[in-house]
Amino acid sequence: MPVKWVFHWQLNPGTTVNSQILAEVSQCAETINGVKGRWKANLTYYKPIFRDQTAPSEIPRDFIGISLPEQPNKCYFTLRSHRIVVEADLSIQNIMEKLQSYKSRVTLVFEGFQYHLGDFQVRVGKVVPSHSENLRGIVMEVEYLPISSLEKSREIMEDFTEIWQETLSKRSLPGRFIHAEPNFSEFGLSDNYTSQHTAVQYATVMAQLIASAQSVPAVRN
Amino acid sequence: MECVVQGIIETQHVEALEILLQGLCGVQKERLRIHELHLKSGPNLGAVPSDLKILCDLEQPEPTWTVRHVGGPMRGAGADQISVLVRTMLESKASKNVLRFFYALGYKLDHELLRVGFAFHFHRGVQITVTVSSINKMLKLHATDEAVPVTPGMQLVEVTAPASSENYTEVVAAMSSFCEHLAPLLHLSKPGISTGVVPTAAAAAASLMSDGGGTTL
């Protein structure tokens, strides 16, 4: 499948995320004649249920389940602490529910527009909790349709990203898109791009969003 | 949900059962070689203790993995009256690292076994699967090549069919009717209720073997 980079919006210190940024990024894609469509993905945090909260435990604090629009019948579980990403059928979510060992705590929705720009597909979306419009972040996917090798596509992805960032910078927005590429080989993933790579990227993006949200009070203080 | 009945048959009569099933189902058998890993939740994990099975299909050129959760049986007067067990069952295909994933989540290996035999998948009003297999245990962890039978000379026969809360009575009826055809060779009953081998098995098997399944038992 085509290689994809997932970015998150990193705010400048002292600023907060708002829907105006998303609107400006979308306008930017439209100005370079992007063909528009809608896009949506879901991400759920699972946390363990303990019988005895006080007992010491080596159980992971959480793991992430994500469903992606390109694989609507699949679910991807990512356990970052153990560098594991599992692909399973959607029914695995029902199995987890039956087991009652981990509970889905928070579901986040990634939702926005996708644009075809030649051989590239760009998706820009807001990150909001399900049943809420409380904006938690902004993500962007850049997909290069002709190539599925991460290494072979690296140069063209970097070139596209540079042009894109340059176009965005003209709008003087309070931040920029960051692409923090995970070490895929640690997760047992090869150079040939799969949806498991996407799941790992989203898990990484979430870790970055949480880290930056937690660092905001420190900046203010 | 699924409907299920089980029975046992002496290995010497399995060939006759295969002939009979071939005649009844009209489909080719599929070879079966499944490594079953039974996991239990660790001591402090979960609102209640839980278990699941991870199945590795070794018959495929590249082994495939499935997570299976079998829930409790349907209860009540209605459930007691039917000869088939109706229970919740959920399955999901998964990537090969799924075992490592559940270990990391805090599940432990309780036991493992190797199921070797054959299966028939066919449609008889409803989708029915019959598996005939010997259950083997491993003397060393994961050593499927050195597995030995748990009950030498005996094989397990399992008839299952997917069902839902809306259609399970139809499924039970279709399964019961199908199981009657197997009655001369084996008793089929709800799992956990052992009915042993049937006295007519040897004669029925001999008859089947002599005419290749042409006789109506």
# chains A, B, ... in the order shown; residues from 1 in each chain; ligands from 1
$ select_by_dssp --residues "segment 50-112 of chain A" --states "strand (DSSP E or B)" --output "PyMOL selection string"
chain A and resi 50+63-67+74-79+84-89+102-112
$ residues_around --residues "Tyr168 of chain B" --least-positions-apart "4" --cutoff "9 Å" --atoms "only C-alpha atoms" --output "list in words"
Met1, Glu2, Cys3, Val86, Pro162, Ala163, Ser164, Val172 and Ala173 of chain B
$ write_last_selection --atoms "C-alpha atoms" --output "PDB file, in the first residue's frame"
ATOM      1  CA  MET B   1     -23.263 -17.283  19.201  1.00  0.00           C
ATOM      2  CA  GLU B   2     -22.731 -20.856  18.177  1.00  0.00           C
ATOM      3  CA  CYS B   3     -24.508 -24.175  18.602  1.00  0.00           C
ATOM      4  CA  VAL B  86     -25.999 -22.695  22.612  1.00  0.00           C
ATOM      5  CA  PRO B 162     -22.950 -20.184  13.908  1.00  0.00           C
ATOM      6  CA  ALA B 163     -26.219 -18.829  15.286  1.00  0.00           C
ATOM      7  CA  SER B 164     -27.827 -15.652  16.549  1.00  0.00           C
ATOM      8  CA  VAL B 172     -30.597 -26.333  16.693  1.00  0.00           C
ATOM      9  CA  ALA B 173     -33.257 -28.143  14.635  1.00  0.00           C
TER      10      ALA B 173
END
$ residues_around --residues "Ile138 of chain A" --least-positions-apart "5" --cutoff "8 Å" --atoms "only C-alpha atoms" --output "PyMOL selection string"
chain A and resi 8-9+17+22+124-127
$ residues_around --residues "segment 105-117 of chain A" --least-positions-apart "6" --cutoff "8 Å" --atoms "only C-alpha atoms" --output "PyMOL selection string"
chain A and resi 26+29-30+32-47+123-130+139
$ interface_residues --of "chain B" --to "chain A" --cutoff "7 Å" --atoms "only C-alpha atoms" --output "PyMOL selection string"
chain B and resi 44-48+50+69+90-95+97-98+101+105-106
$ residues_around --residues "His179 of chain A" --least-positions-apart "5" --cutoff "12 Å" --atoms "only C-alpha atoms" --output "PDB file with all heavy atoms, in the first residue's frame"
ATOM      1  N   LYS A   4       2.878   6.470   3.741  1.00  0.00           N
ATOM      2  CA  LYS A   4       2.159   7.598   4.353  1.00  0.00           C
ATOM      3  C   LYS A   4       2.953   8.155   5.527  1.00  0.00           C
ATOM      4  O   LYS A   4       3.560   7.404   6.283  1.00  0.00           O
ATOM      5  CB  LYS A   4       0.812   7.061   4.865  1.00  0.00           C
ATOM      6  CG  LYS A   4      -0.129   8.113   5.419  1.00  0.00           C
ATOM      7  CD  LYS A   4      -1.307   7.451   6.115  1.00  0.00           C
ATOM      8  CE  LYS A   4      -2.283   6.850   5.126  1.00  0.00           C
ATOM      9  NZ  LYS A   4      -3.492   6.335   5.816  1.00  0.00           N
ATOM     10  N   TRP A   5       2.957   9.444   5.650  1.00  0.00           N
ATOM     11  CA  TRP A   5       3.536  10.088   6.832  1.00  0.00           C
ATOM     12  C   TRP A   5       2.398  10.757   7.607  1.00  0.00           C
ATOM     13  O   TRP A   5       1.549  11.422   6.998  1.00  0.00           O
ATOM     14  CB  TRP A   5       4.556  11.168   6.433  1.00  0.00           C
ATOM     15  CG  TRP A   5       5.882  10.643   5.959  1.00  0.00           C
ATOM     16  CD1 TRP A   5       6.205   9.349   5.675  1.00  0.00           C
ATOM     17  CD2 TRP A   5       7.074  11.404   5.723  1.00  0.00           C
ATOM     18  NE1 TRP A   5       7.508   9.257   5.268  1.00  0.00           N
ATOM     19  CE2 TRP A   5       8.070  10.494   5.286  1.00  0.00           C
ATOM     20  CE3 TRP A   5       7.395  12.752   5.831  1.00  0.00           C
ATOM     21  CZ2 TRP A   5       9.364  10.904   4.957  1.00  0.00           C
ATOM     22  CZ3 TRP A   5       8.687  13.164   5.501  1.00  0.00           C
ATOM     23  CH2 TRP A   5       9.664  12.249   5.081  1.00  0.00           C
ATOM     24  N   VAL A   6       2.411  10.577   8.907  1.00  0.00           N
ATOM     25  CA  VAL A   6       1.392  11.231   9.744  1.00  0.00           C
ATOM     26  C   VAL A   6       2.066  12.337  10.551  1.00  0.00           C
ATOM     27  O   VAL A   6       3.099  12.117  11.192  1.00  0.00           O
ATOM     28  CB  VAL A   6       0.692  10.225  10.690  1.00  0.00           C
ATOM     29  CG1 VAL A   6      -0.399  10.919  11.503  1.00  0.00           C
ATOM     30  CG2 VAL A   6       0.089   9.058   9.892  1.00  0.00           C
ATOM     31  N   PHE A   7       1.482  13.520  10.481  1.00  0.00           N
ATOM     32  CA  PHE A   7       2.022  14.700  11.172  1.00  0.00           C
ATOM     33  C   PHE A   7       1.060  15.149  12.266  1.00  0.00           C
ATOM     34  O   PHE A   7      -0.142  14.875  12.188  1.00  0.00           O
ATOM     35  CB  PHE A   7       2.150  15.892  10.202  1.00  0.00           C
ATOM     36  CG  PHE A   7       3.092  15.687   9.065  1.00  0.00           C
ATOM     37  CD1 PHE A   7       2.759  14.853   8.004  1.00  0.00           C
ATOM     38  CD2 PHE A   7       4.312  16.365   9.019  1.00  0.00           C
ATOM     39  CE1 PHE A   7       3.625  14.681   6.929  1.00  0.00           C
ATOM     40  CE2 PHE A   7       5.183  16.198   7.945  1.00  0.00           C
ATOM     41  CZ  PHE A   7       4.841  15.354   6.901  1.00  0.00           C
ATOM     42  N   HIS A   8       1.576  15.830  13.259  1.00  0.00           N
ATOM     43  CA  HIS A   8       0.675  16.514  14.202  1.00  0.00           C
ATOM     44  C   HIS A   8       1.065  17.983  14.262  1.00  0.00           C
ATOM     45  O   HIS A   8       2.214  18.349  13.981  1.00  0.00           O
ATOM     46  CB  HIS A   8       0.710  15.871  15.580  1.00  0.00           C
ATOM     47  CG  HIS A   8       1.971  16.141  16.335  1.00  0.00           C
ATOM     48  ND1 HIS A   8       3.121  15.428  16.104  1.00  0.00           N
ATOM     49  CD2 HIS A   8       2.267  17.052  17.292  1.00  0.00           C
ATOM     50  CE1 HIS A   8       4.069  15.881  16.900  1.00  0.00           C
ATOM     51  NE2 HIS A   8       3.589  16.870  17.624  1.00  0.00           N
ATOM     52  N   TRP A   9       0.115  18.791  14.617  1.00  0.00           N
ATOM     53  CA  TRP A   9       0.344  20.236  14.686  1.00  0.00           C
ATOM     54  C   TRP A   9       0.980  20.585  16.029  1.00  0.00           C
ATOM     55  O   TRP A   9       0.394  20.312  17.077  1.00  0.00           O
ATOM     56  CB  TRP A   9      -0.984  20.985  14.518  1.00  0.00           C
ATOM     57  CG  TRP A   9      -0.805  22.464  14.480  1.00  0.00           C
ATOM     58  CD1 TRP A   9      -1.000  23.339  15.506  1.00  0.00           C
ATOM     59  CD2 TRP A   9      -0.400  23.242  13.350  1.00  0.00           C
ATOM     60  NE1 TRP A   9      -0.731  24.617  15.095  1.00  0.00           N
ATOM     61  CE2 TRP A   9      -0.351  24.591  13.770  1.00  0.00           C
ATOM     62  CE3 TRP A   9      -0.054  22.937  12.036  1.00  0.00           C
ATOM     63  CZ2 TRP A   9       0.004  25.631  12.917  1.00  0.00           C
ATOM     64  CZ3 TRP A   9       0.305  23.965  11.187  1.00  0.00           C
ATOM     65  CH2 TRP A   9       0.329  25.304  11.638  1.00  0.00           C
ATOM     66  N   GLN A  10       2.191  21.121  15.953  1.00  0.00           N
ATOM     67  CA  GLN A  10       2.843  21.539  17.192  1.00  0.00           C
ATOM     68  C   GLN A  10       2.678  23.039  17.350  1.00  0.00           C
ATOM     69  O   GLN A  10       3.112  23.815  16.488  1.00  0.00           O
ATOM     70  CB  GLN A  10       4.323  21.178  17.166  1.00  0.00           C
ATOM     71  CG  GLN A  10       4.960  21.372  18.535  1.00  0.00           C
ATOM     72  CD  GLN A  10       6.423  20.987  18.517  1.00  0.00           C
ATOM     73  OE1 GLN A  10       7.231  21.598  17.818  1.00  0.00           O
ATOM     74  NE2 GLN A  10       6.751  19.960  19.256  1.00  0.00           N
ATOM     75  N   VAL A 139      -4.234  16.843  13.015  1.00  0.00           N
ATOM     76  CA  VAL A 139      -3.310  15.892  12.391  1.00  0.00           C
ATOM     77  C   VAL A 139      -3.358  16.046  10.878  1.00  0.00           C
ATOM     78  O   VAL A 139      -4.332  16.563  10.315  1.00  0.00           O
ATOM     79  CB  VAL A 139      -3.621  14.423  12.749  1.00  0.00           C
ATOM     80  CG1 VAL A 139      -3.360  14.143  14.214  1.00  0.00           C
ATOM     81  CG2 VAL A 139      -5.024  14.041  12.355  1.00  0.00           C
ATOM     82  N   MET A 140      -2.301  15.569  10.255  1.00  0.00           N
ATOM     83  CA  MET A 140      -2.252  15.590   8.792  1.00  0.00           C
ATOM     84  C   MET A 140      -1.581  14.299   8.311  1.00  0.00           C
ATOM     85  O   MET A 140      -0.601  13.844   8.905  1.00  0.00           O
ATOM     86  CB  MET A 140      -1.448  16.796   8.314  1.00  0.00           C
ATOM     87  CG  MET A 140      -1.291  16.838   6.803  1.00  0.00           C
ATOM     88  SD  MET A 140      -0.466  18.337   6.240  1.00  0.00           S
ATOM     89  CE  MET A 140       1.235  18.011   6.680  1.00  0.00           C
ATOM     90  N   GLU A 141      -2.160  13.708   7.284  1.00  0.00           N
ATOM     91  CA  GLU A 141      -1.548  12.542   6.639  1.00  0.00           C
ATOM     92  C   GLU A 141      -1.107  12.969   5.249  1.00  0.00           C
ATOM     93  O   GLU A 141      -1.880  13.606   4.533  1.00  0.00           O
ATOM     94  CB  GLU A 141      -2.572  11.416   6.434  1.00  0.00           C
ATOM     95  CG  GLU A 141      -3.029  10.717   7.680  1.00  0.00           C
ATOM     96  CD  GLU A 141      -3.978   9.557   7.344  1.00  0.00           C
ATOM     97  OE1 GLU A 141      -4.287   9.340   6.143  1.00  0.00           O
ATOM     98  OE2 GLU A 141      -4.426   8.898   8.275  1.00  0.00           O
ATOM     99  N   VAL A 142       0.102  12.594   4.869  1.00  0.00           N
ATOM    100  CA  VAL A 142       0.540  12.799   3.486  1.00  0.00           C
ATOM    101  C   VAL A 142       0.869  11.422   2.917  1.00  0.00           C
ATOM    102  O   VAL A 142       1.696  10.691   3.467  1.00  0.00           O
ATOM    103  CB  VAL A 142       1.781  13.713   3.399  1.00  0.00           C
ATOM    104  CG1 VAL A 142       2.287  13.790   1.964  1.00  0.00           C
ATOM    105  CG2 VAL A 142       1.450  15.112   3.916  1.00  0.00           C
ATOM    106  N   MET A 157       9.005  12.497  -0.324  1.00  0.00           N
ATOM    107  CA  MET A 157       8.146  12.896   0.795  1.00  0.00           C
ATOM    108  C   MET A 157       8.725  14.135   1.476  1.00  0.00           C
ATOM    109  O   MET A 157       7.984  15.062   1.850  1.00  0.00           O
ATOM    110  CB  MET A 157       8.030  11.749   1.819  1.00  0.00           C
ATOM    111  CG  MET A 157       7.237  10.546   1.343  1.00  0.00           C
ATOM    112  SD  MET A 157       5.501  10.884   1.052  1.00  0.00           S
ATOM    113  CE  MET A 157       4.798  10.603   2.654  1.00  0.00           C
ATOM    114  N   GLU A 158      10.031  14.148   1.623  1.00  0.00           N
ATOM    115  CA  GLU A 158      10.686  15.302   2.256  1.00  0.00           C
ATOM    116  C   GLU A 158      10.505  16.553   1.391  1.00  0.00           C
ATOM    117  O   GLU A 158      10.218  17.633   1.910  1.00  0.00           O
ATOM    118  CB  GLU A 158      12.178  15.004   2.482  1.00  0.00           C
ATOM    119  CG  GLU A 158      12.409  14.142   3.704  1.00  0.00           C
ATOM    120  CD  GLU A 158      13.839  13.598   3.817  1.00  0.00           C
ATOM    121  OE1 GLU A 158      14.653  13.837   2.894  1.00  0.00           O
ATOM    122  OE2 GLU A 158      14.104  12.919   4.812  1.00  0.00           O
ATOM    123  N   THR A 161       6.923  17.711   1.666  1.00  0.00           N
ATOM    124  CA  THR A 161       6.698  18.304   2.993  1.00  0.00           C
ATOM    125  C   THR A 161       7.271  19.723   3.046  1.00  0.00           C
ATOM    126  O   THR A 161       6.645  20.648   3.577  1.00  0.00           O
ATOM    127  CB  THR A 161       7.357  17.433   4.085  1.00  0.00           C
ATOM    128  OG1 THR A 161       6.850  16.115   3.942  1.00  0.00           O
ATOM    129  CG2 THR A 161       7.045  17.936   5.476  1.00  0.00           C
ATOM    130  N   GLU A 162       8.454  19.877   2.467  1.00  0.00           N
ATOM    131  CA  GLU A 162       9.112  21.193   2.481  1.00  0.00           C
ATOM    132  C   GLU A 162       8.257  22.233   1.742  1.00  0.00           C
ATOM    133  O   GLU A 162       8.027  23.337   2.257  1.00  0.00           O
ATOM    134  CB  GLU A 162      10.476  21.062   1.807  1.00  0.00           C
ATOM    135  CG  GLU A 162      11.434  22.163   2.206  1.00  0.00           C
ATOM    136  CD  GLU A 162      12.808  21.943   1.578  1.00  0.00           C
ATOM    137  OE1 GLU A 162      13.343  20.823   1.700  1.00  0.00           O
ATOM    138  OE2 GLU A 162      13.307  22.881   0.954  1.00  0.00           O
ATOM    139  N   GLN A 165       5.134  22.925   3.824  1.00  0.00           N
ATOM    140  CA  GLN A 165       5.399  23.755   5.006  1.00  0.00           C
ATOM    141  C   GLN A 165       5.646  25.210   4.589  1.00  0.00           C
ATOM    142  O   GLN A 165       5.214  26.146   5.269  1.00  0.00           O
ATOM    143  CB  GLN A 165       6.629  23.237   5.780  1.00  0.00           C
ATOM    144  CG  GLN A 165       6.522  21.814   6.287  1.00  0.00           C
ATOM    145  CD  GLN A 165       5.840  21.681   7.644  1.00  0.00           C
ATOM    146  OE1 GLN A 165       4.921  22.448   7.959  1.00  0.00           O
ATOM    147  NE2 GLN A 165       6.231  20.701   8.431  1.00  0.00           N
ATOM    148  N   GLN A 201       2.168   5.094  13.726  1.00  0.00           N
ATOM    149  CA  GLN A 201       2.353   6.554  13.599  1.00  0.00           C
ATOM    150  C   GLN A 201       1.306   7.297  14.425  1.00  0.00           C
ATOM    151  O   GLN A 201       1.615   8.292  15.078  1.00  0.00           O
ATOM    152  CB  GLN A 201       2.259   6.977  12.135  1.00  0.00           C
ATOM    153  CG  GLN A 201       3.440   6.535  11.298  1.00  0.00           C
ATOM    154  CD  GLN A 201       3.555   7.344  10.017  1.00  0.00           C
ATOM    155  OE1 GLN A 201       3.891   8.521  10.035  1.00  0.00           O
ATOM    156  NE2 GLN A 201       3.257   6.706   8.897  1.00  0.00           N
ATOM    157  N   TYR A 202       0.060   6.817  14.387  1.00  0.00           N
ATOM    158  CA  TYR A 202      -0.987   7.483  15.183  1.00  0.00           C
ATOM    159  C   TYR A 202      -0.708   7.365  16.687  1.00  0.00           C
ATOM    160  O   TYR A 202      -0.943   8.306  17.445  1.00  0.00           O
ATOM    161  CB  TYR A 202      -2.374   6.933  14.837  1.00  0.00           C
ATOM    162  CG  TYR A 202      -3.006   7.718  13.708  1.00  0.00           C
ATOM    163  CD1 TYR A 202      -2.989   7.248  12.404  1.00  0.00           C
ATOM    164  CD2 TYR A 202      -3.582   8.962  13.948  1.00  0.00           C
ATOM    165  CE1 TYR A 202      -3.529   7.986  11.368  1.00  0.00           C
ATOM    166  CE2 TYR A 202      -4.131   9.706  12.922  1.00  0.00           C
ATOM    167  CZ  TYR A 202      -4.107   9.212  11.628  1.00  0.00           C
ATOM    168  OH  TYR A 202      -4.642   9.959  10.615  1.00  0.00           O
ATOM    169  N   THR A 204       2.178   7.222  18.004  1.00  0.00           N
ATOM    170  CA  THR A 204       3.267   8.169  18.265  1.00  0.00           C
ATOM    171  C   THR A 204       2.721   9.597  18.312  1.00  0.00           C
ATOM    172  O   THR A 204       3.078  10.377  19.213  1.00  0.00           O
ATOM    173  CB  THR A 204       4.344   8.045  17.160  1.00  0.00           C
ATOM    174  OG1 THR A 204       4.714   6.669  17.065  1.00  0.00           O
ATOM    175  CG2 THR A 204       5.558   8.885  17.459  1.00  0.00           C
ATOM    176  N   VAL A 205       1.851   9.922  17.370  1.00  0.00           N
ATOM    177  CA  VAL A 205       1.245  11.263  17.329  1.00  0.00           C
ATOM    178  C   VAL A 205       0.481  11.523  18.636  1.00  0.00           C
ATOM    179  O   VAL A 205       0.593  12.607  19.230  1.00  0.00           O
ATOM    180  CB  VAL A 205       0.300  11.385  16.105  1.00  0.00           C
ATOM    181  CG1 VAL A 205      -0.712  12.498  16.285  1.00  0.00           C
ATOM    182  CG2 VAL A 205       1.116  11.611  14.844  1.00  0.00           C
ATOM    183  N   GLN A 208       2.773  12.355  21.402  1.00  0.00           N
ATOM    184  CA  GLN A 208       3.278  13.732  21.250  1.00  0.00           C
ATOM    185  C   GLN A 208       2.215  14.745  21.683  1.00  0.00           C
ATOM    186  O   GLN A 208       2.521  15.721  22.365  1.00  0.00           O
ATOM    187  CB  GLN A 208       3.631  14.008  19.781  1.00  0.00           C
ATOM    188  CG  GLN A 208       4.598  13.026  19.181  1.00  0.00           C
ATOM    189  CD  GLN A 208       6.034  13.500  19.285  1.00  0.00           C
ATOM    190  OE1 GLN A 208       6.274  14.616  19.691  1.00  0.00           O
ATOM    191  NE2 GLN A 208       6.964  12.637  18.932  1.00  0.00           N
TER     192      GLN A 208
END
$ select_by_dssp --residues "segment 64-104 of chain A" --states "helix (DSSP H, G or I)" --output "NGL selection string"
:A and (80-82 or 92-99)
$ residues_around --residues "Cys56 of chain B" --least-positions-apart "5" --cutoff "6 Å" --atoms "only C-alpha atoms" --output "CSV table (one decimal) with C-alpha atoms, in the first residue's frame"
chain,number,residue,atom,x,y,z
B,34,ILE,CA,-4.4,-26.5,14.9
B,35,HIS,CA,-2.2,-25.4,17.7
B,64,THR,CA,-2.7,-18.0,10.4
B,65,TRP,CA,-3.8,-16.8,13.8
$ residues_around --residues "Ala16 of chain B" --least-positions-apart "4" --cutoff "6 Å" --atoms "only C-alpha atoms" --output "PDB file with N, CA and C atoms, in the first residue's frame"
ATOM      1  N   ALA B 205     -19.729 -49.251  11.206  1.00  0.00           N
ATOM      2  CA  ALA B 205     -18.483 -48.948  10.504  1.00  0.00           C
ATOM      3  C   ALA B 205     -18.187 -50.022   9.462  1.00  0.00           C
ATOM      4  N   LEU B 208     -20.378 -49.528   6.490  1.00  0.00           N
ATOM      5  CA  LEU B 208     -19.950 -48.375   5.686  1.00  0.00           C
ATOM      6  C   LEU B 208     -18.691 -48.695   4.881  1.00  0.00           C
ATOM      7  N   MET B 209     -17.779 -49.414   5.530  1.00  0.00           N
ATOM      8  CA  MET B 209     -16.510 -49.712   4.862  1.00  0.00           C
ATOM      9  C   MET B 209     -16.716 -50.696   3.708  1.00  0.00           C
TER      10      MET B 209
END
$ closest_residue --among "A:Pro182, A:Ser104, A:His131, A:Phe120" --to "Ser153 of chain A" --atoms "only C-alpha atoms"
A:Phe120
$ atom_distance --atom1 "atom CA of Met1 of chain A" --atom2 "atom CA of Thr194 of chain A"
6.0 Å
$ atom_distance --atom1 "atom CA of Glu158 of chain B" --atom2 "atom CA of Leu58 of chain B"
19.2 Å
